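Structure below is model.cif: mmCIF, C-alpha atoms.
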```cif
data_start
#
loop_
_atom_site.label_atom_id
_atom_site.label_comp_id
_atom_site.auth_asym_id
_atom_site.auth_seq_id
_atom_site.Cartn_x
_atom_site.Cartn_y
_atom_site.Cartn_z
CA MET A 174 -1.45 272.93 15.64
CA VAL A 175 0.36 274.54 12.70
CA ASP A 176 3.11 275.67 15.08
CA ILE A 177 3.49 272.13 16.44
CA ILE A 178 3.73 270.65 12.91
CA HIS A 179 6.32 273.28 11.94
CA LYS A 180 8.37 272.67 15.10
CA LYS A 181 8.56 268.92 14.51
CA ARG A 182 9.20 269.37 10.78
CA GLU A 183 12.27 271.43 11.68
CA GLY A 184 13.49 268.74 14.11
CA GLY A 185 12.36 270.37 17.34
CA VAL A 186 11.42 268.52 20.53
CA LEU A 187 7.75 268.81 21.47
CA SER A 188 6.91 269.63 25.09
CA GLU A 189 4.55 267.53 27.19
CA GLU A 190 1.98 270.34 26.92
CA GLU A 191 2.22 270.37 23.11
CA ILE A 192 1.82 266.58 22.98
CA ARG A 193 -1.15 266.73 25.35
CA PHE A 194 -2.74 269.45 23.20
CA TRP A 195 -2.68 267.55 19.91
CA VAL A 196 -3.44 264.05 21.31
CA GLU A 197 -6.44 265.27 23.32
CA GLY A 198 -7.62 267.54 20.51
CA TYR A 199 -7.44 264.77 17.93
CA THR A 200 -9.16 262.23 20.21
CA ARG A 201 -12.03 264.68 20.78
CA GLY A 202 -12.32 265.36 17.04
CA GLU A 203 -11.23 269.00 17.35
CA ILE A 204 -8.08 268.64 15.22
CA PRO A 205 -8.59 267.36 11.64
CA ASP A 206 -7.00 264.27 10.10
CA TYR A 207 -4.99 266.31 7.60
CA GLN A 208 -3.09 268.19 10.30
CA VAL A 209 -2.33 265.07 12.36
CA SER A 210 -1.29 263.29 9.13
CA ALA A 211 1.24 266.05 8.50
CA LEU A 212 2.55 265.73 12.06
CA LEU A 213 2.84 261.94 11.80
CA MET A 214 4.89 262.27 8.61
CA ALA A 215 7.14 264.83 10.33
CA ILE A 216 7.60 262.34 13.21
CA LEU A 217 8.41 259.56 10.72
CA PHE A 218 11.22 261.65 9.19
CA ARG A 219 12.45 263.52 12.27
CA GLY A 220 11.87 260.91 14.99
CA MET A 221 11.08 261.58 18.64
CA SER A 222 13.29 261.91 21.69
CA PRO A 223 12.86 259.40 24.57
CA SER A 224 11.05 262.07 26.59
CA GLU A 225 8.69 262.83 23.70
CA THR A 226 7.94 259.14 23.12
CA ALA A 227 7.24 258.58 26.81
CA ALA A 228 4.98 261.65 26.96
CA LEU A 229 3.07 260.51 23.86
CA THR A 230 2.62 257.02 25.32
CA LEU A 231 1.35 258.31 28.67
CA ARG A 232 -1.06 260.72 27.00
CA MET A 233 -2.43 257.95 24.75
CA ALA A 234 -2.79 255.62 27.75
CA ALA A 235 -4.67 258.37 29.62
CA SER A 236 -7.04 259.03 26.70
CA GLY A 237 -9.51 256.40 27.94
CA GLU A 238 -10.14 253.82 30.64
CA GLN A 239 -7.20 252.75 32.81
CA VAL A 240 -7.56 249.42 34.57
CA ASP A 241 -7.10 249.53 38.34
CA LEU A 242 -5.57 246.28 39.57
CA SER A 243 -4.94 247.50 43.13
CA ALA A 244 -7.62 245.13 44.45
CA VAL A 245 -5.38 242.20 43.43
CA PRO A 246 -2.57 241.61 45.94
CA GLY A 247 1.00 241.15 44.76
CA VAL A 248 3.07 242.43 41.84
CA LYS A 249 1.01 242.08 38.66
CA VAL A 250 3.11 241.26 35.59
CA ASP A 251 1.92 241.50 31.98
CA LYS A 252 3.47 239.85 28.95
CA HIS A 253 3.14 241.07 25.37
CA SER A 254 4.30 239.63 22.04
CA THR A 255 4.75 241.78 18.95
CA GLY A 256 3.11 239.02 16.89
CA GLY A 257 4.22 235.80 15.29
CA VAL A 258 3.17 232.50 13.72
CA GLY A 259 2.32 229.63 16.07
CA ASP A 260 2.99 231.87 19.08
CA LYS A 261 0.85 230.39 21.86
CA THR A 262 3.21 231.34 24.70
CA THR A 263 0.57 233.33 26.63
CA LEU A 264 -1.35 230.07 27.15
CA ILE A 265 1.78 228.65 28.82
CA THR A 266 3.53 231.59 30.50
CA GLY A 267 0.40 232.92 32.20
CA PRO A 268 -0.37 229.63 33.99
CA ILE A 269 3.31 229.18 34.94
CA ALA A 270 3.52 232.66 36.49
CA ALA A 271 0.21 232.18 38.33
CA ALA A 272 1.37 228.81 39.65
CA CYS A 273 4.43 230.56 41.10
CA GLY A 274 2.33 233.17 42.92
CA VAL A 275 2.50 236.00 40.38
CA PRO A 276 -1.00 237.25 39.41
CA VAL A 277 -1.62 237.68 35.68
CA ALA A 278 -4.53 239.94 34.67
CA LYS A 279 -4.10 240.09 30.92
CA MET A 280 -5.90 241.82 28.06
CA SER A 281 -5.13 240.27 24.69
CA GLY A 282 -6.05 240.87 21.06
CA ARG A 283 -7.21 238.98 18.00
CA GLY A 284 -5.18 237.88 15.02
CA LEU A 285 -5.00 239.84 11.78
CA GLY A 286 -3.12 238.88 8.62
CA HIS A 287 -0.47 236.19 9.05
CA THR A 288 -0.20 236.50 12.85
CA GLY A 289 -2.47 234.73 15.33
CA GLY A 290 -4.29 236.24 18.29
CA THR A 291 -4.58 234.88 21.83
CA LEU A 292 -8.33 235.59 22.02
CA ASP A 293 -9.01 233.48 18.91
CA LYS A 294 -7.10 230.59 20.46
CA LEU A 295 -8.99 230.81 23.76
CA GLU A 296 -12.33 231.08 21.98
CA ALA A 297 -11.56 227.73 20.32
CA ILE A 298 -12.30 226.25 23.78
CA PRO A 299 -16.05 225.49 23.86
CA GLY A 300 -17.89 228.03 26.05
CA PHE A 301 -14.84 230.16 26.90
CA ARG A 302 -15.79 233.83 27.44
CA THR A 303 -13.26 236.54 26.62
CA THR A 304 -15.65 239.35 27.60
CA LEU A 305 -16.20 239.72 31.35
CA GLU A 306 -17.45 242.42 33.68
CA PRO A 307 -14.48 244.17 35.34
CA GLU A 308 -15.50 242.92 38.80
CA ARG A 309 -15.63 239.30 37.59
CA PHE A 310 -12.27 239.68 35.82
CA LEU A 311 -10.61 240.87 39.04
CA GLN A 312 -12.36 238.20 41.10
CA ILE A 313 -10.96 235.43 38.88
CA VAL A 314 -7.44 236.89 39.15
CA ARG A 315 -7.74 237.11 42.97
CA GLU A 316 -9.05 233.55 43.31
CA ASN A 317 -7.16 231.73 40.52
CA GLY A 318 -4.22 234.05 39.85
CA LEU A 319 -4.92 234.19 36.11
CA SER A 320 -7.48 235.62 33.69
CA VAL A 321 -7.18 236.59 30.01
CA ILE A 322 -9.85 238.76 28.38
CA GLY A 323 -10.23 241.03 25.36
CA GLN A 324 -9.34 244.70 25.42
CA THR A 325 -12.28 246.98 26.05
CA ARG A 326 -13.22 249.67 23.54
CA ASP A 327 -12.27 252.32 26.07
CA ILE A 328 -8.61 251.28 26.39
CA ALA A 329 -6.37 253.90 24.70
CA PRO A 330 -8.91 255.31 22.19
CA ALA A 331 -6.28 257.81 21.00
CA ASP A 332 -4.18 254.87 19.82
CA LYS A 333 -7.09 253.40 17.85
CA LYS A 334 -7.62 256.70 16.00
CA LEU A 335 -3.91 257.28 15.41
CA TYR A 336 -3.26 253.73 14.23
CA ALA A 337 -6.09 253.94 11.69
CA LEU A 338 -4.60 257.19 10.39
CA ARG A 339 -1.05 255.78 10.29
CA ASP A 340 -2.34 252.82 8.29
CA VAL A 341 -3.54 255.09 5.45
CA THR A 342 -0.72 257.67 5.52
CA ALA A 343 2.32 255.35 5.20
CA THR A 344 3.55 256.19 8.71
CA VAL A 345 3.14 252.79 10.39
CA GLU A 346 6.91 252.10 10.28
CA SER A 347 7.94 254.91 12.67
CA LEU A 348 9.62 253.23 15.67
CA PRO A 349 8.46 255.83 18.24
CA LEU A 350 4.89 255.48 16.95
CA ILE A 351 5.04 251.66 17.03
CA ALA A 352 6.49 251.68 20.55
CA SER A 353 3.97 254.21 21.90
CA SER A 354 1.08 252.31 20.31
CA ILE A 355 2.03 249.03 22.00
CA MET A 356 3.03 250.51 25.34
CA SER A 357 0.03 252.84 25.69
CA LYS A 358 -2.25 249.78 25.79
CA LYS A 359 0.07 247.95 28.19
CA LEU A 360 0.22 250.91 30.59
CA ALA A 361 -3.57 251.36 30.48
CA ALA A 362 -4.01 247.66 31.33
CA GLY A 363 -2.67 248.38 34.81
CA ALA A 364 0.16 245.88 35.38
CA ASP A 365 3.09 246.78 37.67
CA ALA A 366 5.70 245.23 35.36
CA ILE A 367 5.85 244.19 31.71
CA VAL A 368 7.74 241.46 29.82
CA LEU A 369 7.94 242.04 26.06
CA ASP A 370 8.56 239.33 23.46
CA VAL A 371 9.87 241.19 20.41
CA LYS A 372 9.77 238.85 17.42
CA VAL A 373 12.23 239.13 14.52
CA GLY A 374 12.39 237.23 11.24
CA SER A 375 10.29 236.16 8.27
CA GLY A 376 7.14 235.65 10.34
CA ALA A 377 7.45 238.87 12.36
CA PHE A 378 6.60 242.50 11.67
CA MET A 379 10.24 243.38 12.43
CA LYS A 380 12.27 241.63 9.72
CA SER A 381 15.77 242.68 10.84
CA GLU A 382 17.48 242.14 14.18
CA SER A 383 18.64 245.77 14.29
CA ASP A 384 15.05 247.02 13.97
CA ALA A 385 13.86 244.57 16.62
CA ARG A 386 16.58 245.70 19.03
CA ALA A 387 15.75 249.36 18.44
CA LEU A 388 12.04 248.71 19.08
CA ALA A 389 12.80 246.68 22.22
CA GLN A 390 15.03 249.41 23.63
CA GLU A 391 12.43 252.07 22.83
CA MET A 392 9.65 250.14 24.61
CA VAL A 393 11.77 249.25 27.64
CA ALA A 394 12.72 252.93 28.00
CA ILE A 395 9.03 253.94 27.84
CA GLY A 396 8.05 251.37 30.47
CA GLU A 397 10.83 252.40 32.84
CA ARG A 398 10.10 256.13 32.39
CA SER A 399 6.46 255.37 33.19
CA GLY A 400 7.32 253.64 36.47
CA ARG A 401 6.84 250.06 35.21
CA ARG A 402 9.71 247.60 35.44
CA THR A 403 10.13 246.39 31.88
CA VAL A 404 12.22 243.70 30.16
CA ALA A 405 12.24 242.60 26.51
CA LEU A 406 13.43 239.36 24.93
CA ILE A 407 14.25 239.43 21.22
CA THR A 408 13.19 236.03 19.87
CA ASN A 409 13.45 234.19 16.56
CA MET A 410 10.42 234.12 14.23
CA ASP A 411 12.24 232.70 11.19
CA VAL A 412 10.69 229.38 12.25
CA PRO A 413 7.10 228.87 13.50
CA LEU A 414 6.98 228.54 17.29
CA GLY A 415 6.01 224.93 17.92
CA HIS A 416 4.54 222.55 15.37
CA ALA A 417 0.96 223.88 15.27
CA VAL A 418 -0.46 226.99 13.57
CA GLY A 419 -4.19 227.53 14.05
CA ASN A 420 -6.40 228.12 17.04
CA ALA A 421 -7.60 224.76 18.45
CA LEU A 422 -4.41 223.13 17.14
CA GLU A 423 -2.33 225.61 19.14
CA VAL A 424 -4.42 225.07 22.29
CA ARG A 425 -3.70 221.33 21.96
CA GLU A 426 0.03 222.04 21.66
CA ALA A 427 -0.04 224.42 24.63
CA LEU A 428 -1.73 221.68 26.68
CA GLU A 429 1.00 219.23 25.67
CA THR A 430 3.56 221.71 26.99
CA LEU A 431 1.60 222.30 30.21
CA ARG A 432 1.58 218.52 30.72
CA GLY A 433 5.39 218.55 30.64
CA GLY A 434 5.93 217.65 26.98
CA GLY A 435 5.61 219.75 23.87
CA GLU A 436 8.03 220.99 21.23
CA ALA A 437 11.43 222.00 22.61
CA ARG A 438 11.64 225.54 21.18
CA LEU A 439 8.15 226.44 22.35
CA ARG A 440 8.87 225.05 25.81
CA GLU A 441 12.17 226.93 26.08
CA VAL A 442 10.92 230.36 25.03
CA SER A 443 7.85 229.97 27.28
CA LEU A 444 10.04 229.11 30.27
CA GLN A 445 12.38 232.05 29.60
CA LEU A 446 9.49 234.50 29.31
CA ALA A 447 7.90 233.11 32.48
CA ALA A 448 11.22 233.33 34.35
CA ASN A 449 11.50 237.01 33.43
CA MET A 450 7.93 237.58 34.66
CA LEU A 451 8.83 235.99 38.00
CA GLN A 452 12.08 237.95 38.27
CA LEU A 453 10.27 241.27 37.74
CA ALA A 454 7.82 240.22 40.48
CA GLY A 455 10.72 239.82 42.91
CA LYS A 456 10.74 236.02 43.09
CA GLY A 457 14.53 235.75 42.96
CA THR A 458 17.40 235.82 40.48
CA LEU A 459 16.71 234.92 36.88
CA ALA A 460 18.28 231.48 37.38
CA GLU A 461 16.16 230.86 40.50
CA CYS A 462 13.05 231.99 38.66
CA LEU A 463 13.79 229.67 35.74
CA SER A 464 13.98 226.75 38.19
CA GLN A 465 10.64 227.79 39.73
CA ALA A 466 9.05 227.99 36.28
CA GLN A 467 10.32 224.54 35.34
CA ALA A 468 9.00 223.10 38.60
CA ALA A 469 5.57 224.64 38.02
CA LEU A 470 5.44 223.06 34.59
CA GLU A 471 6.73 219.62 35.57
CA SER A 472 4.57 219.34 38.71
CA GLY A 473 1.32 220.02 36.84
CA ARG A 474 0.58 223.17 38.88
CA ALA A 475 0.65 225.35 35.74
CA LEU A 476 -1.87 223.04 34.03
CA GLU A 477 -4.16 223.39 37.05
CA LYS A 478 -4.04 227.19 36.77
CA PHE A 479 -5.00 226.94 33.10
CA ARG A 480 -7.83 224.56 33.96
CA GLY A 481 -9.04 226.96 36.68
CA MET A 482 -9.10 229.91 34.28
CA VAL A 483 -11.04 227.96 31.64
CA ALA A 484 -13.65 226.84 34.20
CA ALA A 485 -13.99 230.33 35.70
CA GLN A 486 -14.53 231.88 32.25
CA GLY A 487 -17.25 229.44 31.24
CA GLY A 488 -15.12 227.10 29.16
CA ASP A 489 -15.04 223.31 29.00
CA ALA A 490 -12.29 222.59 31.54
CA ALA A 491 -12.30 218.90 30.53
CA ILE A 492 -10.20 219.85 27.48
CA ALA A 493 -7.21 219.99 29.86
CA ASP A 494 -7.38 216.19 30.11
CA ASP A 495 -9.12 215.42 26.82
CA PRO A 496 -8.02 217.77 24.00
CA SER A 497 -10.22 215.80 21.57
CA ARG A 498 -13.10 217.91 22.94
CA LEU A 499 -11.63 220.90 21.06
CA PRO A 500 -13.00 221.73 17.59
CA SER A 501 -11.49 219.77 14.71
CA ALA A 502 -11.62 220.42 10.97
CA PRO A 503 -13.36 217.77 8.84
CA CYS A 504 -10.91 217.91 5.92
CA THR A 505 -7.17 217.20 5.99
CA ARG A 506 -4.42 217.02 3.40
CA LEU A 507 -0.85 215.78 3.76
CA VAL A 508 1.95 217.88 2.24
CA CYS A 509 4.95 215.71 1.33
CA ALA A 510 8.53 216.43 0.30
CA LYS A 511 9.11 216.41 -3.45
CA ALA A 512 12.84 215.68 -3.11
CA ASP A 513 15.49 214.53 -0.64
CA GLY A 514 17.23 217.17 1.45
CA PHE A 515 17.49 219.11 4.68
CA LEU A 516 14.78 221.58 5.69
CA SER A 517 17.04 224.64 5.47
CA ARG A 518 14.67 227.61 5.39
CA ILE A 519 11.08 228.30 6.39
CA ASP A 520 9.18 231.33 5.10
CA THR A 521 7.16 231.68 8.28
CA GLU A 522 5.00 234.53 6.97
CA ALA A 523 3.92 232.35 4.02
CA CYS A 524 3.00 229.57 6.46
CA GLY A 525 0.88 232.05 8.42
CA LEU A 526 -0.84 233.19 5.22
CA ALA A 527 -1.52 229.55 4.26
CA SER A 528 -3.11 229.01 7.66
CA CYS A 529 -5.33 232.07 7.05
CA LEU A 530 -6.39 230.68 3.67
CA LEU A 531 -7.46 227.49 5.42
CA GLY A 532 -9.67 229.58 7.71
CA ALA A 533 -7.54 229.96 10.85
CA GLY A 534 -7.02 233.72 10.49
CA ARG A 535 -8.41 236.92 9.05
CA SER A 536 -7.56 239.24 6.20
CA ARG A 537 -10.14 241.75 7.53
CA LYS A 538 -11.17 242.40 11.13
CA GLU A 539 -14.76 241.33 10.46
CA ASP A 540 -13.82 237.91 9.03
CA ALA A 541 -14.99 234.80 10.90
CA VAL A 542 -12.43 232.24 12.10
CA ASP A 543 -12.59 228.47 11.68
CA HIS A 544 -11.25 227.35 15.05
CA GLY A 545 -10.32 223.87 13.79
CA ALA A 546 -8.34 225.05 10.76
CA GLY A 547 -4.57 225.35 10.48
CA ILE A 548 -1.34 223.50 9.91
CA VAL A 549 0.67 220.97 11.89
CA PHE A 550 4.29 220.61 10.76
CA ALA A 551 5.82 217.14 10.68
CA ALA A 552 9.39 218.23 9.91
CA ASP A 553 11.60 220.59 11.92
CA TYR A 554 14.15 223.12 10.70
CA GLY A 555 17.41 221.30 9.94
CA GLN A 556 15.76 217.86 9.68
CA GLN A 557 16.71 215.51 6.85
CA VAL A 558 13.78 214.24 4.79
CA ARG A 559 13.33 211.90 1.82
CA ALA A 560 11.06 212.43 -1.17
CA GLY A 561 7.55 211.44 -0.10
CA ASP A 562 8.13 212.08 3.61
CA PRO A 563 5.42 214.18 5.29
CA LEU A 564 6.25 217.86 5.83
CA ALA A 565 2.92 219.09 7.19
CA THR A 566 -0.79 218.35 7.51
CA LEU A 567 -3.36 220.95 6.48
CA PHE A 568 -6.72 221.21 8.31
CA THR A 569 -9.81 223.05 7.03
CA SER A 570 -13.58 223.06 6.64
CA ARG A 571 -13.26 224.41 3.10
CA PRO A 572 -11.34 221.92 0.93
CA GLU A 573 -11.32 224.36 -2.01
CA ALA A 574 -8.54 226.18 -0.09
CA PHE A 575 -6.21 223.17 -0.13
CA GLU A 576 -4.57 223.79 -3.51
CA GLU A 577 -3.40 227.34 -2.85
CA ALA A 578 -2.48 226.62 0.80
CA GLU A 579 -0.43 223.57 -0.22
CA ARG A 580 1.37 225.64 -2.86
CA LEU A 581 2.26 228.26 -0.25
CA VAL A 582 3.53 225.65 2.21
CA GLN A 583 5.57 223.82 -0.44
CA GLU A 584 7.21 227.10 -1.47
CA ALA A 585 7.75 228.11 2.17
CA LEU A 586 9.63 224.94 3.17
CA ILE A 587 12.98 225.06 1.35
CA LEU A 588 15.07 221.87 1.07
CA SER A 589 18.81 221.93 0.38
CA PRO A 590 21.54 219.27 0.04
CA GLN A 591 23.47 220.50 3.09
CA ARG A 592 22.38 220.65 6.71
CA PRO A 593 21.74 224.34 7.57
CA PRO A 594 23.45 226.10 10.50
CA SER A 595 21.62 226.05 13.82
CA GLN A 596 19.55 229.10 14.70
CA LYS A 597 19.38 231.00 17.96
CA LEU A 598 16.03 230.99 19.72
CA ILE A 599 16.65 234.12 21.83
CA TYR A 600 19.01 236.76 20.49
CA ALA A 601 19.14 239.23 23.36
CA ARG A 602 17.57 240.43 26.62
CA VAL A 603 16.97 244.16 26.88
CA THR A 604 16.67 245.81 30.30
CA ALA A 605 16.95 249.31 31.70
CA ASP A 606 20.67 248.59 32.14
CA GLY A 607 21.32 247.71 28.51
CA VAL A 608 21.37 244.78 26.09
CA GLU A 609 22.50 241.32 27.24
CA GLU A 610 23.46 238.97 24.41
CA GLN A 611 22.06 235.45 24.80
#
```

Give the structure from this file in structure tokens form.
Amino acid sequence: MVDIIHKKREGGVLSEEEIRFWVEGYTRGEIPDYQVSALLMAILFRGMSPSETAALTLRMAASGEQVDLSAVPGVKVDKHSTGGVGDKTTLITGPIAAACGVPVAKMSGRGLGHTGGTLDKLEAIPGFRTTLEPERFLQIVRENGLSVIGQTRDIAPADKKLYALRDVTATVESLPLIASSIMSKKLAAGADAIVLDVKVGSGAFMKSESDARALAQEMVAIGERSGRRTVALITNMDVPLGHAVGNALEVREALETLRGGGEARLREVSLQLAANMLQLAGKGTLAECLSQAQAALESGRALEKFRGMVAAQGGDAAIADDPSRLPSAPCTRLVCAKADGFLSRIDTEACGLASCLLGAGRSRKEDAVDHGAGIVFAADYGQQVRAGDPLATLFTSRPEAFEEAERLVQEALILSPQRPPSQKLIYARVTADGVEEQ
């Protein structure tokens, strides 16, 4: 292990055998934290080659259970977001893809900090089970085309150990380590192809477009080297996605979109992600796949797939027609504009933190979530408002949180005398062939 640390410290390229040695040894507890910490810091400063990053990802994916989806016919396509505020696209893209004949067997995570998690949103549906036996999970995908569950403890255990160590050794920011962490779990989940939604902006982990592009290219390269067709979209998280932030509130908004309505930006990014899923599954050109996705949404077929998944996983499928059956918070407060102006900037991370204060998220993994809590925005980016006009409504079961949450939201929504420039929703599409500007 000392030789491996020294080699990387001097800028050398580790072989597959060397990577296998230290990943397996650390996972088994045979190599101590202090040596792996030294190696992680060397990687942070020296980087990793594409072949090293791919080898690390594959070894982490192979460190535990690997899901076998061969019993499900067709090309299975997974979709992953790097985390955002109000990002409920999985609840929309999964049903669209399934309605177009592309099976979606997805493992999702929970929210932490200012970003929300798909499992927390689904568990806002009364009775919905995110833990299923593997046989039942595959049966639902075969019969309905769609199932979303939580990741098992045995998926990529090497990543869990390494991430915990990175968190306390100031090595989280290393792009090869971020990319291998995400992609090891995606590869272990068993899909044939992967669509990545790499968020950039105030509400994302990647704050700059250059960092987001570098991460997207790194992950696409890993996927392709591992035999999985992979595409990444780089999307804007300087504005919350949709109007709702919070679990049951976001399920309601996803249902509005699945019924053919919904907020325009949320609808557009969901359709683009779904179109890329269909294209990777061989359903036609990107333009043809976008038309198929739109038809699935407008015909109600996507809503039926969502309803089928909810029923199959023990949830109250009647919420598809009656969202009032979802949990609701007993206390609300209106946040109003204090002056005239145009909504010119939104600190999306602060909005996510305000939602957490209200109970919709966690600051620690063990925290409980209030499924009815959150925020619904009444004003859009670029909209002109007058003093006293509503900007947002806060929802919670703990009214003592209102004062601090309202302060955060007021500070996050910046008004200016001039109308701000329009913002792009999708900056670029990254494929094995390169970067396509959007």

Can you translate the PyMOL selection byres ((chain A and resi 442) around 12) into the concrete residues it hits in this file, as JSON, numbers by chain? {"A": [254, 260, 261, 262, 263, 265, 266, 370, 371, 372, 406, 407, 408, 409, 410, 414, 415, 430, 435, 436, 437, 438, 439, 440, 441, 443, 444, 445, 446, 447, 448, 449, 463, 466, 467, 597, 598, 599, 600]}

Given the choices A:Ala578, A:Val341, A:Val373, A:Ala485, which gets closest to Thr505 in chain A if the distance is worked out from only C-alpha atoms?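 Under the stated criterion, the closest residue is A:Ala578.
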
The distance between CA of Gly198 in chain A and CA of Glu238 in chain A is 17.2 Å

To verify the selection step, state as a count of residues only which residues the PyMOL selection byres ((chain A and resi 422) around 8) yields on this input. 14

The PyMOL selection byres ((chain A and resi 179-189) around 7) - which residues does that actually catch in the file I just gave you? List them as number ranges by chain. A: 175-178, 190-193, 215-216, 219, 222, 225, 228

Could you tell me how far CA of Ala244 in chain A lies from CA of Cys273 in chain A, in Å and to one decimal? 19.2 Å

How many Å separate CA of Ser501 in chain A from CA of Cys529 in chain A? 15.7 Å

For the interface of range 358-383 of chain A with range 517-521 of chain A (cut-off 12 Å, counting all atoms listed in the file), please tabulate each contacting residue of range 358-383 of chain A alongside its nearest pair of atoms and their separation in Å to one decimal, rows sorted by chain and increasing number, as a Markdown table.
```
| residue | atom | partner | partner_atom | distance |
| --- | --- | --- | --- | --- |
| A:Lys372 | CA | A:Thr521 | CA | 11.9 |
| A:Val373 | CA | A:Thr521 | CA | 11.0 |
| A:Gly374 | CA | A:Thr521 | CA | 8.2 |
| A:Ser375 | CA | A:Thr521 | CA | 5.5 |
| A:Gly376 | CA | A:Thr521 | CA | 4.5 |
| A:Ala377 | CA | A:Thr521 | CA | 8.3 |
| A:Phe378 | CA | A:Thr521 | CA | 11.4 |
| A:Lys380 | CA | A:Thr521 | CA | 11.3 |
```

Selection: 7 Å around Arg602 in chain A, all atoms listed in the file, excl. self and same-chain fewer than 3 positions, as a ChimeraX atom specification: /A:405-407,608-611

Range 301-311 of chain A surroundings by all atoms listed in the file, 8 Å radius, close-in-sequence under 6 positions cut, as a list in words: Leu242, Ala244, Val245, Ala278, Leu292, Leu295, Ser320, Val321, Ile322, Gly323, Val483, Gln486, Gly487, Gly488 and Asp489 of chain A

Name the residues in contact with Arg432 in chain A at a cut-off of 8 Å, using all atoms listed in the file, excluding same-chain residues fewer than 6 positions from it; report them as an MDAnalysis selection string. chainID A and resid 470:471 473 476

Closest to Met450 in chain A among A:Pro223, A:Pro268, A:Gly433, A:Gly534, using only C-alpha atoms?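 Once distances to Met450 in chain A are computed over only C-alpha atoms, the minimum belongs to A:Pro268.
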
As a VMD selection string, please: the residues near Ile367 in chain A (cut-off 8 Å, only C-alpha atoms, same-chain neighbours under 4 positions excluded). chain A and resid 250 to 253 359 396 401 to 404 450

Identify which of the residues A:Glu579, A:Asp365, A:Asp606, A:Glu477 lies closest to Leu428 in chain A, counting only C-alpha atoms when measuring atom-to-atom distances.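 Among A:Glu579, A:Asp365, A:Asp606, A:Glu477, it is A:Glu477 that comes nearest to Leu428 in chain A.
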
Using all atoms listed in the file, which residue out of A:Leu369, A:Leu564, A:Val542, A:Ala211 lies closest to Glu584 in chain A?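 Among the listed residues, A:Leu564 lies closest to Glu584 in chain A.
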
What would range 523-533 of chain A look like with N, CA, C and O atoms in place, written as a PDB file, keeping the file's coordinate frame?
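Saved result, selection_38.pdb, follows:
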```pdb
ATOM      1  N   ALA A 523       4.708 233.105   4.995  1.00  0.00           N
ATOM      2  CA  ALA A 523       3.920 232.350   4.020  1.00  0.00           C
ATOM      3  C   ALA A 523       3.129 231.238   4.695  1.00  0.00           C
ATOM      4  O   ALA A 523       1.979 230.962   4.323  1.00  0.00           O
ATOM      5  N   CYS A 524       3.727 230.609   5.713  1.00  0.00           N
ATOM      6  CA  CYS A 524       3.000 229.570   6.460  1.00  0.00           C
ATOM      7  C   CYS A 524       1.803 230.179   7.189  1.00  0.00           C
ATOM      8  O   CYS A 524       0.715 229.583   7.235  1.00  0.00           O
ATOM      9  N   GLY A 525       1.990 231.367   7.758  1.00  0.00           N
ATOM     10  CA  GLY A 525       0.880 232.050   8.420  1.00  0.00           C
ATOM     11  C   GLY A 525      -0.228 232.408   7.441  1.00  0.00           C
ATOM     12  O   GLY A 525      -1.414 232.264   7.742  1.00  0.00           O
ATOM     13  N   LEU A 526       0.153 232.852   6.235  1.00  0.00           N
ATOM     14  CA  LEU A 526      -0.840 233.190   5.220  1.00  0.00           C
ATOM     15  C   LEU A 526      -1.584 231.946   4.752  1.00  0.00           C
ATOM     16  O   LEU A 526      -2.798 231.988   4.505  1.00  0.00           O
ATOM     17  N   ALA A 527      -0.864 230.812   4.636  1.00  0.00           N
ATOM     18  CA  ALA A 527      -1.520 229.550   4.260  1.00  0.00           C
ATOM     19  C   ALA A 527      -2.535 229.144   5.313  1.00  0.00           C
ATOM     20  O   ALA A 527      -3.642 228.684   4.991  1.00  0.00           O
ATOM     21  N   SER A 528      -2.187 229.318   6.574  1.00  0.00           N
ATOM     22  CA  SER A 528      -3.110 229.010   7.660  1.00  0.00           C
ATOM     23  C   SER A 528      -4.369 229.881   7.580  1.00  0.00           C
ATOM     24  O   SER A 528      -5.490 229.402   7.799  1.00  0.00           O
ATOM     25  N   CYS A 529      -4.177 231.171   7.220  1.00  0.00           N
ATOM     26  CA  CYS A 529      -5.330 232.070   7.050  1.00  0.00           C
ATOM     27  C   CYS A 529      -6.218 231.598   5.910  1.00  0.00           C
ATOM     28  O   CYS A 529      -7.454 231.621   6.025  1.00  0.00           O
ATOM     29  N   LEU A 530      -5.611 231.181   4.805  1.00  0.00           N
ATOM     30  CA  LEU A 530      -6.390 230.680   3.670  1.00  0.00           C
ATOM     31  C   LEU A 530      -7.258 229.491   4.074  1.00  0.00           C
ATOM     32  O   LEU A 530      -8.387 229.340   3.610  1.00  0.00           O
ATOM     33  N   LEU A 531      -6.720 228.662   4.955  1.00  0.00           N
ATOM     34  CA  LEU A 531      -7.460 227.490   5.420  1.00  0.00           C
ATOM     35  C   LEU A 531      -8.599 227.854   6.358  1.00  0.00           C
ATOM     36  O   LEU A 531      -9.451 227.013   6.659  1.00  0.00           O
ATOM     37  N   GLY A 532      -8.583 229.106   6.857  1.00  0.00           N
ATOM     38  CA  GLY A 532      -9.670 229.580   7.710  1.00  0.00           C
ATOM     39  C   GLY A 532      -9.268 229.920   9.122  1.00  0.00           C
ATOM     40  O   GLY A 532     -10.106 230.336   9.924  1.00  0.00           O
ATOM     41  N   ALA A 533      -7.973 229.757   9.466  1.00  0.00           N
ATOM     42  CA  ALA A 533      -7.540 229.960  10.850  1.00  0.00           C
ATOM     43  C   ALA A 533      -7.341 231.429  11.213  1.00  0.00           C
ATOM     44  O   ALA A 533      -7.231 231.759  12.394  1.00  0.00           O
TER      45      ALA A 533
END
```
